[in-house]
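> run-v4.cif is reproduced in full below (mmCIF, C-alpha atoms).
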```
data_data
loop_
_atom_site.group_PDB
_atom_site.id
_atom_site.type_symbol
_atom_site.label_atom_id
_atom_site.label_comp_id
_atom_site.auth_asym_id
_atom_site.auth_seq_id
_atom_site.Cartn_x
_atom_site.Cartn_y
_atom_site.Cartn_z
ATOM 1 C CA MET C 221 121.229 -70.517 171.410
ATOM 2 C CA ILE C 222 119.350 -73.689 172.274
ATOM 3 C CA LEU C 223 120.732 -76.835 173.888
ATOM 4 C CA ALA C 224 118.684 -79.805 172.703
ATOM 5 C CA GLY C 225 118.978 -83.476 173.554
ATOM 6 C CA ASP C 226 117.590 -86.826 172.424
ATOM 7 C CA ILE C 227 118.183 -89.347 175.196
ATOM 8 C CA GLY C 228 117.670 -92.968 174.200
ATOM 9 C CA GLY C 229 118.496 -96.288 175.747
ATOM 10 C CA THR C 230 121.349 -96.860 173.289
ATOM 11 C CA LYS C 231 122.754 -93.404 172.615
ATOM 12 C CA THR C 232 122.327 -89.804 173.678
ATOM 13 C CA ASN C 233 122.484 -87.078 171.030
ATOM 14 C CA VAL C 234 123.089 -83.497 172.134
ATOM 15 C CA ALA C 235 123.153 -80.414 169.912
ATOM 16 C CA LEU C 236 123.533 -76.662 169.987
ATOM 17 C CA CYS C 237 120.881 -75.140 167.736
ATOM 18 C CA ASP C 238 119.554 -71.778 166.684
ATOM 19 C CA THR C 239 116.726 -70.581 164.496
ATOM 20 C CA THR C 240 116.797 -69.752 160.798
ATOM 21 C CA GLU C 241 115.154 -66.741 159.168
ATOM 22 C CA GLY C 242 112.188 -68.866 158.149
ATOM 23 C CA GLY C 243 111.627 -70.056 161.709
ATOM 24 C CA GLY C 244 113.310 -73.424 161.209
ATOM 25 C CA ILE C 245 115.970 -75.071 163.355
ATOM 26 C CA SER C 246 119.649 -75.102 162.436
ATOM 27 C CA VAL C 247 122.067 -77.499 164.176
ATOM 28 C CA ARG C 248 125.388 -75.737 164.892
ATOM 29 C CA ALA C 249 127.183 -78.538 166.731
ATOM 30 C CA GLN C 250 126.241 -82.092 167.631
ATOM 31 C CA GLY C 251 127.672 -84.917 169.719
ATOM 32 C CA SER C 252 126.634 -88.530 170.190
ATOM 33 C CA TYR C 253 127.469 -90.593 173.274
ATOM 34 C CA PRO C 254 126.780 -94.231 174.298
ATOM 35 C CA SER C 255 124.181 -93.816 177.034
ATOM 36 C CA ALA C 256 125.098 -96.889 179.051
ATOM 37 C CA GLU C 257 128.710 -95.717 179.387
ATOM 38 C CA ARG C 258 127.689 -92.593 181.350
ATOM 39 C CA ASP C 259 126.116 -92.350 184.787
ATOM 40 C CA SER C 260 123.941 -89.289 184.135
ATOM 41 C CA LEU C 261 122.709 -86.843 181.535
ATOM 42 C CA GLU C 262 124.548 -84.033 183.344
ATOM 43 C CA SER C 263 127.886 -85.780 182.740
ATOM 44 C CA ILE C 264 127.167 -86.032 179.002
ATOM 45 C CA ILE C 265 126.148 -82.364 178.801
ATOM 46 C CA ALA C 266 129.320 -81.296 180.595
ATOM 47 C CA GLU C 267 131.440 -83.363 178.201
ATOM 48 C CA PHE C 268 129.602 -81.987 175.166
ATOM 49 C CA LEU C 269 129.991 -78.364 176.273
ATOM 50 C CA ARG C 270 133.721 -78.898 176.881
ATOM 51 C CA GLU C 271 133.979 -80.113 173.286
ATOM 52 C CA HIS C 272 131.635 -77.426 171.914
ATOM 53 C CA PRO C 273 131.809 -74.309 174.109
ATOM 54 C CA ALA C 274 128.807 -71.980 173.866
ATOM 55 C CA ALA C 275 128.912 -68.300 174.799
ATOM 56 C CA GLU C 276 125.374 -68.290 176.169
ATOM 57 C CA ILE C 277 122.629 -70.901 176.197
ATOM 58 C CA THR C 278 119.193 -69.287 176.384
ATOM 59 C CA HIS C 279 116.874 -72.315 176.103
ATOM 60 C CA ALA C 280 117.163 -76.055 176.722
ATOM 61 C CA CYS C 281 114.935 -79.064 176.183
ATOM 62 C CA PHE C 282 115.595 -82.783 176.354
ATOM 63 C CA GLY C 283 113.550 -85.632 174.936
ATOM 64 C CA VAL C 284 113.993 -88.643 177.211
ATOM 65 C CA ALA C 285 113.020 -92.284 176.726
ATOM 66 C CA GLY C 286 110.508 -92.684 179.535
ATOM 67 C CA PRO C 287 107.371 -91.105 180.994
ATOM 68 C CA VAL C 288 107.765 -87.544 182.281
ATOM 69 C CA VAL C 289 106.088 -86.995 185.666
ATOM 70 C CA ASP C 290 106.477 -83.760 187.658
ATOM 71 C CA GLU C 291 109.433 -82.679 185.474
ATOM 72 C CA ARG C 292 111.299 -85.872 186.244
ATOM 73 C CA VAL C 293 112.036 -89.033 184.244
ATOM 74 C CA GLU C 294 113.169 -92.390 185.512
ATOM 75 C CA THR C 295 114.488 -93.663 182.202
ATOM 76 C CA THR C 296 112.965 -96.887 180.875
ATOM 77 C CA ASN C 297 116.161 -98.521 179.605
ATOM 78 C CA LEU C 298 118.788 -96.678 181.679
ATOM 79 C CA ALA C 299 119.558 -96.363 185.393
ATOM 80 C CA TRP C 300 119.229 -92.571 185.252
ATOM 81 C CA ASP C 301 117.078 -90.185 187.248
ATOM 82 C CA VAL C 302 116.659 -87.118 185.029
ATOM 83 C CA ARG C 303 115.342 -83.979 186.751
ATOM 84 C CA ALA C 304 114.540 -80.633 185.172
ATOM 85 C CA ASP C 305 115.627 -78.659 188.245
ATOM 86 C CA SER C 306 119.015 -80.391 188.367
ATOM 87 C CA LEU C 307 119.617 -79.710 184.670
ATOM 88 C CA ALA C 308 118.531 -76.083 185.031
ATOM 89 C CA ALA C 309 120.979 -75.599 187.902
ATOM 90 C CA ALA C 310 123.816 -77.187 185.932
ATOM 91 C CA LEU C 311 123.102 -74.957 182.919
ATOM 92 C CA LYS C 312 122.320 -71.841 184.995
ATOM 93 C CA LEU C 313 118.924 -71.466 183.331
ATOM 94 C CA ARG C 314 115.595 -70.445 184.826
ATOM 95 C CA ARG C 315 113.995 -73.621 183.498
ATOM 96 C CA VAL C 316 114.709 -76.645 181.347
ATOM 97 C CA ALA C 317 111.966 -78.532 179.512
ATOM 98 C CA LEU C 318 111.786 -82.321 179.812
ATOM 99 C CA ILE C 319 109.604 -84.228 177.354
ATOM 100 C CA ASN C 320 109.230 -87.823 176.241
ATOM 101 C CA ASP C 321 111.593 -88.756 173.409
ATOM 102 C CA LEU C 322 108.692 -89.545 171.069
ATOM 103 C CA GLU C 323 107.164 -86.210 171.975
ATOM 104 C CA ALA C 324 110.437 -84.620 170.853
ATOM 105 C CA THR C 325 110.281 -86.459 167.528
ATOM 106 C CA ALA C 326 106.651 -85.384 167.177
ATOM 107 C CA TYR C 327 107.627 -81.737 167.671
ATOM 108 C CA GLY C 328 110.269 -82.261 164.997
ATOM 109 C CA VAL C 329 107.919 -83.623 162.329
ATOM 110 C CA GLU C 330 106.707 -80.130 161.450
ATOM 111 C CA THR C 331 110.287 -79.076 160.624
ATOM 112 C CA LEU C 332 110.834 -81.811 157.993
ATOM 113 C CA GLY C 333 110.879 -81.290 154.256
ATOM 114 C CA PRO C 334 110.120 -83.832 151.479
ATOM 115 C CA GLU C 335 113.801 -84.792 151.151
ATOM 116 C CA GLN C 336 113.816 -85.926 154.795
ATOM 117 C CA LEU C 337 110.901 -88.319 154.276
ATOM 118 C CA HIS C 338 110.065 -91.382 152.207
ATOM 119 C CA THR C 339 106.403 -91.727 151.256
ATOM 120 C CA LEU C 340 104.974 -95.242 151.504
ATOM 121 C CA ASN C 341 101.393 -94.190 150.815
ATOM 122 C CA GLU C 342 100.209 -90.902 149.335
ATOM 123 C CA GLY C 343 96.698 -91.336 150.745
ATOM 124 C CA ALA C 344 94.024 -88.694 150.433
ATOM 125 C CA GLY C 345 95.917 -86.141 152.506
ATOM 126 C CA ASP C 346 94.650 -83.232 154.573
ATOM 127 C CA ASP C 347 97.154 -80.475 155.338
ATOM 128 C CA GLY C 348 95.150 -79.391 158.368
ATOM 129 C CA GLY C 349 94.384 -82.869 159.684
ATOM 130 C CA HIS C 350 95.781 -84.439 162.810
ATOM 131 C CA ARG C 351 98.869 -86.629 162.581
ATOM 132 C CA ALA C 352 100.292 -89.712 164.299
ATOM 133 C CA LEU C 353 103.760 -91.046 164.976
ATOM 134 C CA ILE C 354 105.039 -94.564 165.611
ATOM 135 C CA ALA C 355 108.714 -95.302 166.155
ATOM 136 C CA ALA C 356 110.532 -98.558 166.819
ATOM 137 C CA GLY C 357 114.126 -98.429 168.031
ATOM 138 C CA THR C 358 115.598 -99.489 171.351
ATOM 139 C CA GLY C 359 111.968 -99.362 172.510
ATOM 140 C CA LEU C 360 108.634 -98.600 170.860
ATOM 141 C CA GLY C 361 106.926 -95.227 171.039
ATOM 142 C CA MET C 362 103.690 -93.719 169.779
ATOM 143 C CA ALA C 363 102.290 -90.201 169.824
ATOM 144 C CA GLY C 364 99.483 -88.129 168.384
ATOM 145 C CA LEU C 365 99.813 -84.625 166.921
ATOM 146 C CA PHE C 366 96.824 -82.303 166.922
ATOM 147 C CA ARG C 367 96.589 -79.110 164.899
ATOM 148 C CA ASP C 368 95.922 -76.057 167.101
ATOM 149 C CA GLY C 369 95.215 -73.824 164.113
ATOM 150 C CA GLU C 370 98.818 -72.735 163.666
ATOM 151 C CA HIS C 371 101.135 -75.536 164.788
ATOM 152 C CA TYR C 372 101.059 -79.249 165.512
ATOM 153 C CA ARG C 373 101.095 -80.064 169.215
ATOM 154 C CA PRO C 374 102.145 -83.557 170.369
ATOM 155 C CA ILE C 375 100.012 -85.800 172.555
ATOM 156 C CA PRO C 376 102.562 -87.967 174.415
ATOM 157 C CA SER C 377 101.718 -91.565 175.236
ATOM 158 C CA GLU C 378 103.192 -94.872 176.342
ATOM 159 C CA GLY C 379 101.433 -96.698 173.510
ATOM 160 C CA GLY C 380 104.387 -99.001 172.948
ATOM 161 C CA HIS C 381 103.482 -100.778 176.175
ATOM 162 C CA VAL C 382 99.910 -101.730 175.262
ATOM 163 C CA ASP C 383 99.052 -105.435 175.034
ATOM 164 C CA TYR C 384 100.419 -107.251 171.990
ATOM 165 C CA ALA C 385 97.534 -108.589 169.865
ATOM 166 C CA PRO C 386 98.427 -111.406 167.411
ATOM 167 C CA ARG C 387 96.594 -111.595 164.061
ATOM 168 C CA ASN C 388 97.278 -115.126 162.790
ATOM 169 C CA GLU C 389 98.391 -118.569 163.973
ATOM 170 C CA THR C 390 102.114 -117.812 163.756
ATOM 171 C CA GLU C 391 101.711 -114.633 165.785
ATOM 172 C CA ILE C 392 99.560 -116.511 168.314
ATOM 173 C CA GLU C 393 102.418 -118.982 168.717
ATOM 174 C CA LEU C 394 104.794 -116.031 169.073
ATOM 175 C CA LEU C 395 102.609 -114.620 171.857
ATOM 176 C CA ARG C 396 102.638 -117.930 173.726
ATOM 177 C CA TYR C 397 106.410 -118.193 173.302
ATOM 178 C CA MET C 398 106.866 -114.667 174.665
ATOM 179 C CA GLN C 399 104.494 -115.337 177.569
ATOM 180 C CA ARG C 400 106.724 -118.224 178.585
ATOM 181 C CA SER C 401 109.862 -116.099 178.094
ATOM 182 C CA VAL C 402 108.754 -113.078 180.130
ATOM 183 C CA GLY C 403 106.471 -114.878 182.550
ATOM 184 C CA GLY C 404 103.124 -113.321 181.661
ATOM 185 C CA ARG C 405 101.896 -110.201 179.910
ATOM 186 C CA VAL C 406 103.466 -109.268 176.556
ATOM 187 C CA SER C 407 103.504 -105.683 175.275
ATOM 188 C CA TYR C 408 104.068 -104.598 171.693
ATOM 189 C CA GLU C 409 107.538 -103.339 172.633
ATOM 190 C CA ARG C 410 108.560 -106.947 173.363
ATOM 191 C CA VAL C 411 108.127 -107.827 169.664
ATOM 192 C CA LEU C 412 108.444 -104.441 167.943
ATOM 193 C CA SER C 413 111.827 -102.940 168.855
ATOM 194 C CA GLY C 414 115.473 -103.897 168.480
ATOM 195 C CA VAL C 415 115.077 -106.511 171.181
ATOM 196 C CA GLY C 416 111.712 -107.395 169.628
ATOM 197 C CA LEU C 417 113.331 -108.430 166.348
ATOM 198 C CA VAL C 418 115.706 -110.653 168.306
ATOM 199 C CA ASN C 419 112.743 -112.168 170.178
ATOM 200 C CA VAL C 420 110.963 -112.948 166.897
ATOM 201 C CA TYR C 421 114.160 -114.531 165.551
ATOM 202 C CA LYS C 422 114.621 -116.684 168.677
ATOM 203 C CA PHE C 423 110.990 -117.779 168.506
ATOM 204 C CA LEU C 424 111.384 -118.983 164.907
ATOM 205 C CA ARG C 425 114.689 -120.679 165.722
ATOM 206 C CA ASP C 426 113.529 -122.386 168.907
ATOM 207 C CA GLU C 427 110.224 -123.530 167.388
ATOM 208 C CA GLY C 428 111.980 -125.054 164.370
ATOM 209 C CA TYR C 429 110.757 -122.753 161.596
ATOM 210 C CA ALA C 430 114.259 -122.595 160.085
ATOM 211 C CA GLN C 431 117.850 -123.475 160.930
ATOM 212 C CA GLU C 432 120.250 -120.952 162.401
ATOM 213 C CA PRO C 433 123.453 -120.686 160.323
ATOM 214 C CA ALA C 434 126.577 -121.292 162.384
ATOM 215 C CA TRP C 435 128.267 -118.168 160.990
ATOM 216 C CA LEU C 436 125.354 -116.003 162.128
ATOM 217 C CA ALA C 437 125.376 -117.493 165.631
ATOM 218 C CA GLU C 438 129.095 -116.684 165.824
ATOM 219 C CA ARG C 439 128.495 -113.051 164.841
ATOM 220 C CA PHE C 440 126.088 -112.612 167.751
ATOM 221 C CA ALA C 441 129.039 -113.009 170.139
ATOM 222 C CA SER C 442 130.700 -109.796 168.966
ATOM 223 C CA GLU C 443 128.021 -107.727 167.178
ATOM 224 C CA ASP C 444 124.568 -106.333 167.910
ATOM 225 C CA ASP C 445 122.040 -109.159 167.494
ATOM 226 C CA ALA C 446 119.305 -107.095 165.843
ATOM 227 C CA ALA C 447 121.749 -105.493 163.394
ATOM 228 C CA CYS C 448 123.123 -108.935 162.460
ATOM 229 C CA ILE C 449 119.639 -110.326 161.860
ATOM 230 C CA SER C 450 118.441 -107.412 159.731
ATOM 231 C CA ALA C 451 121.677 -107.330 157.696
ATOM 232 C CA ALA C 452 121.508 -111.080 157.004
ATOM 233 C CA ALA C 453 117.850 -110.779 156.043
ATOM 234 C CA LEU C 454 118.341 -107.817 153.692
ATOM 235 C CA ALA C 455 121.289 -109.579 152.022
ATOM 236 C CA GLY C 456 119.275 -112.794 151.592
ATOM 237 C CA GLU C 457 121.925 -114.757 153.489
ATOM 238 C CA SER C 458 119.684 -116.512 156.029
ATOM 239 C CA GLU C 459 116.192 -117.959 155.666
ATOM 240 C CA LEU C 460 115.702 -117.682 159.424
ATOM 241 C CA ALA C 461 116.682 -114.014 159.506
ATOM 242 C CA SER C 462 114.497 -113.285 156.471
ATOM 243 C CA LYS C 463 111.470 -114.897 158.126
ATOM 244 C CA ALA C 464 112.101 -112.937 161.324
ATOM 245 C CA LEU C 465 112.347 -109.603 159.507
ATOM 246 C CA ASP C 466 109.246 -110.373 157.456
ATOM 247 C CA ILE C 467 107.162 -111.061 160.577
ATOM 248 C CA PHE C 468 108.641 -108.013 162.284
ATOM 249 C CA VAL C 469 107.658 -105.705 159.400
ATOM 250 C CA GLN C 470 104.172 -107.262 159.249
ATOM 251 C CA ILE C 471 103.685 -106.536 162.967
ATOM 252 C CA TYR C 472 105.063 -103.031 162.458
ATOM 253 C CA GLY C 473 102.616 -102.313 159.637
ATOM 254 C CA ALA C 474 99.651 -103.800 161.507
ATOM 255 C CA THR C 475 100.443 -101.796 164.642
ATOM 256 C CA ALA C 476 100.781 -98.590 162.620
ATOM 257 C CA GLY C 477 97.389 -99.385 161.093
ATOM 258 C CA ASN C 478 95.933 -99.790 164.586
ATOM 259 C CA LEU C 479 97.263 -96.340 165.462
ATOM 260 C CA ALA C 480 95.681 -94.943 162.301
ATOM 261 C CA LEU C 481 92.323 -96.372 163.406
ATOM 262 C CA LEU C 482 92.763 -94.983 166.903
ATOM 263 C CA LEU C 483 93.657 -91.412 165.899
ATOM 264 C CA LYS C 484 92.369 -91.005 162.290
ATOM 265 C CA PRO C 485 95.477 -89.030 161.289
ATOM 266 C CA SER C 486 94.282 -87.564 158.000
ATOM 267 C CA GLY C 487 97.333 -85.280 158.068
ATOM 268 C CA GLY C 488 99.611 -88.293 157.891
ATOM 269 C CA LEU C 489 101.075 -91.144 159.893
ATOM 270 C CA TYR C 490 104.842 -90.905 160.365
ATOM 271 C CA VAL C 491 107.164 -93.859 160.968
ATOM 272 C CA GLY C 492 110.163 -92.737 163.033
ATOM 273 C CA GLY C 493 112.802 -94.388 165.166
ATOM 274 C CA GLY C 494 116.156 -95.850 164.289
ATOM 275 C CA ILE C 495 115.012 -99.126 162.747
ATOM 276 C CA ALA C 496 112.842 -98.040 159.805
ATOM 277 C CA PRO C 497 115.559 -96.212 157.797
ATOM 278 C CA LYS C 498 117.912 -99.178 158.226
ATOM 279 C CA ILE C 499 115.390 -101.663 156.827
ATOM 280 C CA LEU C 500 113.740 -99.274 154.375
ATOM 281 C CA GLU C 501 114.152 -101.631 151.410
ATOM 282 C CA LYS C 502 112.117 -104.275 153.244
ATOM 283 C CA ILE C 503 109.507 -101.740 154.353
ATOM 284 C CA LYS C 504 109.168 -100.564 150.747
ATOM 285 C CA ASP C 505 108.442 -104.058 149.350
ATOM 286 C CA GLY C 506 104.731 -103.904 150.267
ATOM 287 C CA THR C 507 104.824 -106.038 153.422
ATOM 288 C CA PHE C 508 104.334 -103.064 155.728
ATOM 289 C CA MET C 509 101.475 -101.457 153.794
ATOM 290 C CA ARG C 510 99.585 -104.740 153.268
ATOM 291 C CA ALA C 511 99.497 -105.293 157.031
ATOM 292 C CA PHE C 512 98.761 -101.598 157.631
ATOM 293 C CA SER C 513 95.698 -101.685 155.355
ATOM 294 C CA ASP C 514 94.330 -105.072 156.438
ATOM 295 C CA LYS C 515 91.596 -103.712 158.704
ATOM 296 C CA GLY C 516 88.456 -105.411 157.434
ATOM 297 C CA ARG C 517 85.551 -102.977 157.130
ATOM 298 C CA MET C 518 87.869 -100.099 158.026
ATOM 299 C CA SER C 519 90.491 -100.886 155.357
ATOM 300 C CA SER C 520 89.433 -98.042 153.079
ATOM 301 C CA LEU C 521 89.755 -95.582 155.972
ATOM 302 C CA VAL C 522 93.352 -96.488 156.795
ATOM 303 C CA GLU C 523 94.255 -96.710 153.096
ATOM 304 C CA SER C 524 93.349 -93.020 152.813
ATOM 305 C CA THR C 525 96.025 -92.136 155.394
ATOM 306 C CA PRO C 526 99.317 -90.717 154.077
ATOM 307 C CA VAL C 527 102.213 -92.807 155.453
ATOM 308 C CA ARG C 528 105.763 -91.462 155.520
ATOM 309 C CA VAL C 529 109.046 -92.816 156.908
ATOM 310 C CA ILE C 530 111.273 -90.260 158.660
ATOM 311 C CA LEU C 531 114.796 -90.494 157.238
ATOM 312 C CA ASP C 532 116.512 -87.715 159.218
ATOM 313 C CA ASP C 533 117.989 -89.022 162.470
ATOM 314 C CA LYS C 534 118.137 -85.493 163.897
ATOM 315 C CA THR C 535 114.338 -85.117 163.985
ATOM 316 C CA ALA C 536 114.120 -85.490 167.778
ATOM 317 C CA LEU C 537 116.806 -82.846 168.189
ATOM 318 C CA TYR C 538 114.908 -80.450 165.912
ATOM 319 C CA GLY C 539 111.808 -81.189 167.943
ATOM 320 C CA ALA C 540 113.446 -80.666 171.321
ATOM 321 C CA ALA C 541 114.813 -77.325 170.119
ATOM 322 C CA ARG C 542 111.405 -76.295 168.752
ATOM 323 C CA CYS C 543 109.729 -77.283 172.044
ATOM 324 C CA ALA C 544 112.276 -75.198 173.978
ATOM 325 C CA LEU C 545 111.297 -72.143 171.941
ATOM 326 C CA LEU C 546 107.554 -72.757 172.159
ATOM 327 C CA ARG C 547 107.704 -73.204 175.932
ATOM 328 C CA GLY C 548 109.970 -70.207 176.434
#
```
Transcribe the structure of this file into structure tokens.


Amino acid sequence: MILAGDIGGTKTNVALCDTTEGGGISVRAQGSYPSAERDSLESIIAEFLREHPAAEITHACFGVAGPVVDERVETTNLAWDVRADSLAAALKLRRVALINDLEATAYGVETLGPEQLHTLNEGAGDDGGHRALIAAGTGLGMAGLFRDGEHYRPIPSEGGHVDYAPRNETEIELLRYMQRSVGGRVSYERVLSGVGLVNVYKFLRDEGYAQEPAWLAERFASEDDAACISAAALAGESELASKALDIFVQIYGATAGNLALLLKPSGGLYVGGGIAPKILEKIKDGTFMRAFSDKGRMSSLVESTPVRVILDDKTALYGAARCALLRG
């Protein structure tokens, strides 16, 4: 019995898992908790295990939003200090694995079947080639996956925090706007995440690209800003929201293309995170892939890369469970 967790800035998902006959991961029980409403991961685990008692937990692994250093994570978007030794003591286990949340999703990619993916680009394909992962959600994450001959092994990174590089005049203006807003350096996460979509929207509104509807401004007072913007854009209800989502998806595609150049993932580039499935209709309209492939002399190289959107929101849980088994 494996206890697996996916700890994000917005919500924490915890699951009890075991293995199937074919070596896959089966989720037996799952709980989801608003992260900001709890003061620690231990408190969430205790609550989950009260709701879903387990006779014996043999392995545990948690994917956490933040860099893992010396089996400890100071979470990027939460005031938590997550420690492997503290978790192991609470669970009465010899050890608990802590990995980056994108690393957990990367471990989970190998468990996915065709029905859990949407293919944006078939590409040339190479079943034994390396892979890459990019995922926008509360933050922005990137990871590589190298083939060790038998399995894919993640290469964790903090690629979401590299310098944002604009590609045209509008994006240059966006960079300058963000430099004024944050007081200096701008990372990709500032424009390619849930908050990033809101930043793009505010830039277009404040710089006079389109008018903000009064009804949409009112919704911001009681609903999530990014969700309001994407819903209004997908429904065609707001020119401003539509422009913001269009720029957001262009930046997403271009950044994914940069990752494809960096890692040459002939085995496929995977688009994870919570945002992509929610705006899949926009991603499918060609905006993403045009920006992805627009790489000058290297365009044909990135066009040969298979690109797939991860649809299953349990992928990080599958990955955390798989990592727990691989690490013993």

> Do you have the CA of Ile265 (chain C)-CA of Ala309 (chain C) distance handy?

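Computed distance, CA of Ile265 (chain C) to CA of Ala309 (chain C), equals 12.5 Å.
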
> Name the residues that the PyMOL selection byres ((chain C and resi 314) around 12) picks from the file above, as an MDAnalysis selection string, using the file's chain letters and numbers.

chainID C and resid 277:280 304:313 315:317 548

> Restricting the calculation to only C-alpha atoms: of C:Gln336, C:Asn320, C:Ser407, C:Thr239, which residue gets closest to Arg292 (chain C)?

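Answer, going by the shortest atom-to-atom distance: C:Asn320.
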
> Would you give me, as JSON lines, each residue of region 389-434 of chain C having an atom within 8 Å of an atom of region 444-460 of chain C, along with its shortest atom pair and that distance in Å to one decimal, using all atoms listed in the file and sorting by chain and residue number?


```
{"residue": "C:Gly414", "atom": "CA", "partner": "C:Ala446", "partner_atom": "CA", "distance": 5.6}
{"residue": "C:Val415", "atom": "CA", "partner": "C:Ala446", "partner_atom": "CA", "distance": 6.8}
{"residue": "C:Leu417", "atom": "CA", "partner": "C:Ala446", "partner_atom": "CA", "distance": 6.1}
{"residue": "C:Val418", "atom": "CA", "partner": "C:Ala446", "partner_atom": "CA", "distance": 5.6}
{"residue": "C:Tyr421", "atom": "CA", "partner": "C:Leu460", "partner_atom": "CA", "distance": 7.1}
{"residue": "C:Leu424", "atom": "CA", "partner": "C:Leu460", "partner_atom": "CA", "distance": 7.1}
{"residue": "C:Arg425", "atom": "CA", "partner": "C:Leu460", "partner_atom": "CA", "distance": 7.0}
{"residue": "C:Tyr429", "atom": "CA", "partner": "C:Leu460", "partner_atom": "CA", "distance": 7.4}
{"residue": "C:Ala430", "atom": "CA", "partner": "C:Leu460", "partner_atom": "CA", "distance": 5.2}
{"residue": "C:Gln431", "atom": "CA", "partner": "C:Leu460", "partner_atom": "CA", "distance": 6.4}
{"residue": "C:Glu432", "atom": "CA", "partner": "C:Leu460", "partner_atom": "CA", "distance": 6.3}
{"residue": "C:Pro433", "atom": "CA", "partner": "C:Ser458", "partner_atom": "CA", "distance": 7.1}
```

> May I have the residues within 10 Å of Thr295 (chain C) as number ranges by chain, using all atoms listed in the file and disregarding those fewer than 2 positions away in the same chain?

C: 227-229, 284-288, 292-293, 297-302, 320

> Looking at all atoms listed in the file, which of C:Pro374, C:Gln470, C:Thr358, C:Asn233 is the one that sits closest to Leu322 (chain C)?

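For Leu322 (chain C), the nearest of the candidates is C:Pro374.
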
> Quick one: which residues end up in the PyMOL selection byres ((chain C and resi 413) around 9) for this structure, as a PyMOL selection string?

chain C and resi 355-360+408-412+414-418+468+495

> Determine the residue set returned by the PyMOL selection byres ((chain C and resi 364) around 6) for the present structure, and present it as an MDAnalysis selection string.

chainID C and resid 352 363 365 374:375

> So which one's closest to Ala480 (chain C), C:Val402, C:Leu353, C:Ala224, C:Ala496? Using all atoms listed in the file, please.

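Once distances to Ala480 (chain C) are computed over all atoms listed in the file, the minimum belongs to C:Leu353.
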
> Work out how far apart CA of Ala461 (chain C) and CA of Ile354 (chain C) are and give it in Å to one decimal.

23.5 Å

> CA of Asp226 (chain C) to CA of Asp321 (chain C): how many Å, to one decimal?

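Between CA of Asp226 (chain C) and CA of Asp321 (chain C) the gap is 6.4 Å.
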
> Give as a PyMOL selection string the set of residues within 10 Å of the point (129.8, -95.1, 177.4), where distances use the file's coordinates and all atoms listed in the file.

chain C and resi 230-232+253-259+264

> Filtering to C-alpha atoms, could you give me those residues as a compact mmCIF listing (two decimals), in the coordinates of the input?


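Saved the output as out.txt:
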```txt
# COMPACT_ATOMS: atom_id res chain seq x y z
CA THR C 230 121.35 -96.86 173.29
CA LYS C 231 122.75 -93.40 172.62
CA THR C 232 122.33 -89.80 173.68
CA TYR C 253 127.47 -90.59 173.27
CA PRO C 254 126.78 -94.23 174.30
CA SER C 255 124.18 -93.82 177.03
CA ALA C 256 125.10 -96.89 179.05
CA GLU C 257 128.71 -95.72 179.39
CA ARG C 258 127.69 -92.59 181.35
CA ASP C 259 126.12 -92.35 184.79
CA ILE C 264 127.17 -86.03 179.00
```

> Choose the residue, out of C:Asp347, C:Ala541, C:Glu443, C:Glu342, that has the smallest atom-to-atom separation from Glu370 (chain C); count all atoms listed in the file.

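Closest to Glu370 (chain C), using all atoms listed in the file: C:Asp347.
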
> May I have the residues within 12 Å of Gly369 (chain C) as a list in words, using all atoms listed in the file and disregarding those fewer than 5 positions away in the same chain?

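Counting all atoms listed in the file, the residues come to Asp347, Gly348, Gly349 and His350 of chain C.
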
> Excluding region 517-533 of chain C and its own-chain neighbours fewer than 6 positions away, which residues fall within 8 Å of it when counting only C-alpha atoms? Please give them as an mmCIF file with C-alpha atoms, in the frame of the given file.


```cif
data_model
loop_
_atom_site.group_PDB
_atom_site.id
_atom_site.type_symbol
_atom_site.label_atom_id
_atom_site.label_comp_id
_atom_site.auth_asym_id
_atom_site.auth_seq_id
_atom_site.Cartn_x
_atom_site.Cartn_y
_atom_site.Cartn_z
ATOM 1 C CA GLN C 336 113.816 -85.926 154.795
ATOM 2 C CA LEU C 337 110.901 -88.319 154.276
ATOM 3 C CA HIS C 338 110.065 -91.382 152.207
ATOM 4 C CA THR C 339 106.403 -91.727 151.256
ATOM 5 C CA LEU C 340 104.974 -95.242 151.504
ATOM 6 C CA ASN C 341 101.393 -94.190 150.815
ATOM 7 C CA GLU C 342 100.209 -90.902 149.335
ATOM 8 C CA GLY C 343 96.698 -91.336 150.745
ATOM 9 C CA ALA C 344 94.024 -88.694 150.433
ATOM 10 C CA GLY C 345 95.917 -86.141 152.506
ATOM 11 C CA GLY C 477 97.389 -99.385 161.093
ATOM 12 C CA ALA C 480 95.681 -94.943 162.301
ATOM 13 C CA LEU C 481 92.323 -96.372 163.406
ATOM 14 C CA LYS C 484 92.369 -91.005 162.290
ATOM 15 C CA PRO C 485 95.477 -89.030 161.289
ATOM 16 C CA SER C 486 94.282 -87.564 158.000
ATOM 17 C CA GLY C 487 97.333 -85.280 158.068
ATOM 18 C CA GLY C 488 99.611 -88.293 157.891
ATOM 19 C CA LEU C 489 101.075 -91.144 159.893
ATOM 20 C CA TYR C 490 104.842 -90.905 160.365
ATOM 21 C CA VAL C 491 107.164 -93.859 160.968
ATOM 22 C CA GLY C 492 110.163 -92.737 163.033
ATOM 23 C CA GLY C 493 112.802 -94.388 165.166
ATOM 24 C CA GLY C 494 116.156 -95.850 164.289
ATOM 25 C CA ALA C 496 112.842 -98.040 159.805
ATOM 26 C CA PRO C 497 115.559 -96.212 157.797
#
```

> Val289 (chain C): which residues within 10 Å, counting only C-alpha atoms, same-chain residues fewer than 5 positions away excluded, as a tab-separated table (two decimals) with C-alpha atoms, in the frame of the given file?


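The file below, around.tsv, is the result:
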```
chain	number	residue	atom	x	y	z
C	294	GLU	CA	113.17	-92.39	185.51
C	303	ARG	CA	115.34	-83.98	186.75
C	318	LEU	CA	111.79	-82.32	179.81
C	319	ILE	CA	109.60	-84.23	177.35
C	320	ASN	CA	109.23	-87.82	176.24
```
